[in-house]
file entry_39.tsv (TSV, C-alpha atoms)
chain	number	residue	atom	x	y	z
A	1	MET	CA	87.82	98.93	206.06
A	2	ARG	CA	86.55	99.89	202.64
A	3	ASN	CA	87.26	96.36	201.32
A	4	ILE	CA	85.29	94.80	204.18
A	5	ALA	CA	82.30	97.05	203.51
A	6	LEU	CA	82.42	96.18	199.80
A	7	PHE	CA	82.65	92.48	200.65
A	8	LEU	CA	79.63	92.70	202.97
A	9	ILE	CA	77.54	94.54	200.38
A	10	LEU	CA	78.40	92.05	197.63
A	11	SER	CA	77.70	89.12	199.98
A	12	ALA	CA	74.29	90.52	200.88
A	13	PHE	CA	73.29	90.51	197.21
A	14	SER	CA	75.05	87.26	196.22
A	15	ILE	CA	73.66	84.90	198.86
A	16	PRO	CA	69.95	85.33	197.97
A	17	ALA	CA	70.78	85.02	194.26
A	18	LEU	CA	72.78	81.85	194.90
A	19	ALA	CA	69.96	80.38	197.00
A	20	ALA	CA	67.42	81.14	194.26
A	21	PHE	CA	69.70	79.53	191.66
A	22	GLU	CA	70.12	76.36	193.76
A	23	GLN	CA	66.36	76.12	194.34
A	24	THR	CA	65.74	76.49	190.61
A	25	GLN	CA	68.23	73.70	189.95
A	26	THR	CA	66.51	71.29	192.35
A	27	ASN	CA	63.01	72.05	191.05
A	28	THR	CA	63.77	71.47	187.38
A	29	ASN	CA	63.34	68.23	185.49
A	30	LYS	CA	65.96	65.50	185.39
A	31	GLY	CA	67.69	67.01	182.38
A	32	GLY	CA	68.13	65.85	178.83
A	33	PHE	CA	67.34	67.30	175.44
A	34	GLU	CA	64.29	69.48	174.84
A	35	GLY	CA	63.53	70.54	171.32
A	36	PRO	CA	62.63	69.20	167.88
A	37	GLY	CA	62.42	65.42	167.85
A	38	ALA	CA	62.60	65.07	171.64
A	39	GLN	CA	60.25	62.48	173.09
A	40	ALA	CA	58.17	63.18	176.18
A	41	ILE	CA	58.38	60.76	179.10
A	42	ILE	CA	55.42	58.38	179.18
A	43	THR	CA	53.40	58.82	182.40
A	44	THR	CA	50.39	56.50	182.02
A	45	VAL	CA	49.84	52.87	181.08
A	46	VAL	CA	47.52	53.90	178.24
A	47	GLN	CA	50.30	56.03	176.75
A	48	ALA	CA	52.81	53.21	177.21
A	49	LYS	CA	50.66	50.73	175.29
A	50	SER	CA	50.85	52.88	172.16
A	51	ALA	CA	54.37	54.25	172.63
A	52	ARG	CA	57.37	53.46	170.49
A	53	ASP	CA	59.85	50.79	171.58
A	54	ASP	CA	62.40	51.97	174.19
A	55	ALA	CA	60.38	55.10	175.07
A	56	LYS	CA	61.21	56.30	178.58
A	57	CYS	CA	58.44	56.02	181.13
A	58	GLU	CA	57.74	57.02	184.71
A	59	LEU	CA	54.52	55.43	185.97
A	60	ILE	CA	52.76	55.60	189.34
A	61	GLY	CA	50.53	52.74	190.38
A	62	ASN	CA	50.48	49.34	192.07
A	63	ILE	CA	51.83	45.88	191.41
A	64	VAL	CA	48.65	43.82	191.39
A	65	GLU	CA	50.13	40.33	191.13
A	66	GLN	CA	53.14	38.28	190.15
A	67	LEU	CA	52.53	36.38	186.92
A	68	PRO	CA	53.08	32.63	186.73
A	69	GLY	CA	55.93	31.20	184.71
A	70	ASP	CA	58.52	33.97	185.18
A	71	ASP	CA	59.75	35.35	188.50
A	72	ASP	CA	60.38	38.79	186.98
A	73	LEU	CA	56.94	39.43	185.43
A	74	TYR	CA	54.24	41.35	187.31
A	75	LEU	CA	50.91	42.94	186.49
A	76	PHE	CA	51.08	46.69	187.12
A	77	LYS	CA	48.02	48.94	187.29
A	78	ASP	CA	47.62	52.70	187.29
A	79	SER	CA	44.50	54.85	187.09
A	80	THR	CA	44.26	54.35	183.30
A	81	ASP	CA	44.89	50.63	182.64
A	82	GLU	CA	47.17	47.71	183.44
A	83	ILE	CA	50.31	46.33	181.81
A	84	VAL	CA	52.90	43.62	182.35
A	85	ILE	CA	56.18	44.84	183.79
A	86	GLU	CA	59.52	43.07	183.97
A	87	LEU	CA	61.03	43.79	187.38
A	88	ASP	CA	64.25	41.98	188.25
A	89	ASP	CA	64.46	40.65	191.81
A	90	ASP	CA	67.62	42.62	192.56
A	91	LEU	CA	65.69	45.90	192.13
A	92	PHE	CA	63.69	45.15	195.29
A	93	LYS	CA	66.86	45.70	197.38
A	94	GLY	CA	65.31	44.03	200.42
A	95	ARG	CA	62.04	46.00	200.20
A	96	THR	CA	58.70	44.25	200.46
A	97	VAL	CA	55.93	45.55	198.19
A	98	THR	CA	52.25	44.58	198.41
A	99	PRO	CA	49.32	45.44	196.12
A	100	GLN	CA	48.41	48.17	198.62
A	101	ASN	CA	51.76	49.97	198.14
A	102	GLN	CA	51.81	52.73	195.57
A	103	ILE	CA	55.08	52.74	193.64
A	104	ARG	CA	56.77	54.85	190.97
A	105	ILE	CA	58.52	52.83	188.30
A	106	TYR	CA	61.16	54.15	185.93
A	107	GLY	CA	61.80	52.18	182.79
A	108	GLU	CA	61.42	51.72	179.07
A	109	VAL	CA	58.59	50.51	176.90
A	110	ASP	CA	59.29	47.10	175.39
A	111	ASN	CA	57.13	47.13	172.27
A	112	ASP	CA	58.39	44.20	170.19
A	113	ALA	CA	56.53	43.03	167.12
A	114	PHE	CA	54.09	40.15	167.67
A	115	GLU	CA	54.25	40.48	171.48
A	116	LYS	CA	52.20	42.44	173.99
A	117	THR	CA	53.73	45.70	175.14
A	118	GLN	CA	55.59	45.50	178.46
A	119	ILE	CA	57.61	47.84	180.64
A	120	ASP	CA	61.23	46.98	181.40
A	121	VAL	CA	61.70	48.48	184.86
A	122	LYS	CA	65.12	49.99	185.57
A	123	LYS	CA	64.33	51.15	189.14
A	124	PHE	CA	61.38	51.89	191.37
A	125	ASP	CA	60.48	53.82	194.49
A	126	VAL	CA	57.84	52.99	197.07
A	127	ILE	CA	55.64	56.06	197.50
A	128	LYS	CA	53.33	54.76	200.22
call {"tool": "encode", "arguments": {"input": "entry_39.tsv", "output": "structure tokens"}}
result
Amino acid sequence: MRNIALFLILSAFSIPALAAFEQTQTNTNKGGFEGPGAQAIITTVVQAKSARDDAKCELIGNIVEQLPGDDDLYLFKDSTDEIVIELDDDLFKGRTVTPQNQIRIYGEVDNDAFEKTQIDVKKFDVIK
């Protein structure tokens, strides 16, 4: 009987603590290194245009148009500016996106010498 009472008391205190821990885990960032030398994730087109090559980015905006000459190149616009993105067809996964759809793209800045800065999209989500 004493063991059951002890178990119930410990459970009453453990469950809320566990729930708080799990909520903290789901509300935190995606992980990675934070500290000296760590690079922040780029969140606007203006930042991307001056970022180092291969900088990680997460941008929210719209695909304005598909560019002629390459099936994977699109013009992407957010509230700060516009930039060319490279978005492979297989990333659409059967989804249709129009200029009215707001999307979140995850990728890397492609800032090669003598070429305009682009974003190499690794995945994207349709927001609305």
call {"tool": "residues_near_point", "arguments": {"input": "entry_39.tsv", "point": "(57.1, 55.3, 202.5)", "cutoff": "12 Å", "atoms": "all atoms listed in the file", "output": "ChimeraX atom specification"}}
result
/A:95-97,100-104,125-128
call {"tool": "atom_distance", "arguments": {"input": "entry_39.tsv", "atom1": "CA of Gly69 (chain A)", "atom2": "CA of Cys57 (chain A)"}}
result
25.2 Å
call {"tool": "closest_residue", "arguments": {"input": "entry_39.tsv", "among": "A:Glu58, A:Asp88, A:Glu82, A:Asp71", "to": "Tyr106 (chain A)", "atoms": "only C-alpha atoms"}}
result
A:Glu58
call {"tool": "atom_distance", "arguments": {"input": "entry_39.tsv", "atom1": "CA of Thr44 (chain A)", "atom2": "CA of Ala113 (chain A)"}}
result
21.0 Å
call {"tool": "atom_distance", "arguments": {"input": "entry_39.tsv", "atom1": "CA of Ala55 (chain A)", "atom2": "CA of Thr43 (chain A)"}}
result
10.8 Å
call {"tool": "residues_around", "arguments": {"input": "entry_39.tsv", "residues": "Asn111 (chain A)", "least_positions_apart": "3", "cutoff": "12 Å", "atoms": "only C-alpha atoms", "output": "PyMOL selection string"}}
result
chain A and resi 48-56+83-85+108+114-120
call {"tool": "residues_around", "arguments": {"input": "entry_39.tsv", "residues": "Val64 (chain A)", "least_positions_apart": "3", "cutoff": "7 Å", "atoms": "all atoms listed in the file", "output": "ChimeraX atom specification"}}
result
/A:75-77,99
call {"tool": "closest_residue", "arguments": {"input": "entry_39.tsv", "among": "A:Val45, A:Leu73, A:Leu87, A:Val109", "to": "Val121 (chain A)", "atoms": "all atoms listed in the file"}}
result
A:Leu87
call {"tool": "closest_residue", "arguments": {"input": "entry_39.tsv", "among": "A:Glu86, A:Asp78, A:Glu65, A:Lys122", "to": "Gln47 (chain A)", "atoms": "all atoms listed in the file"}}
result
A:Asp78
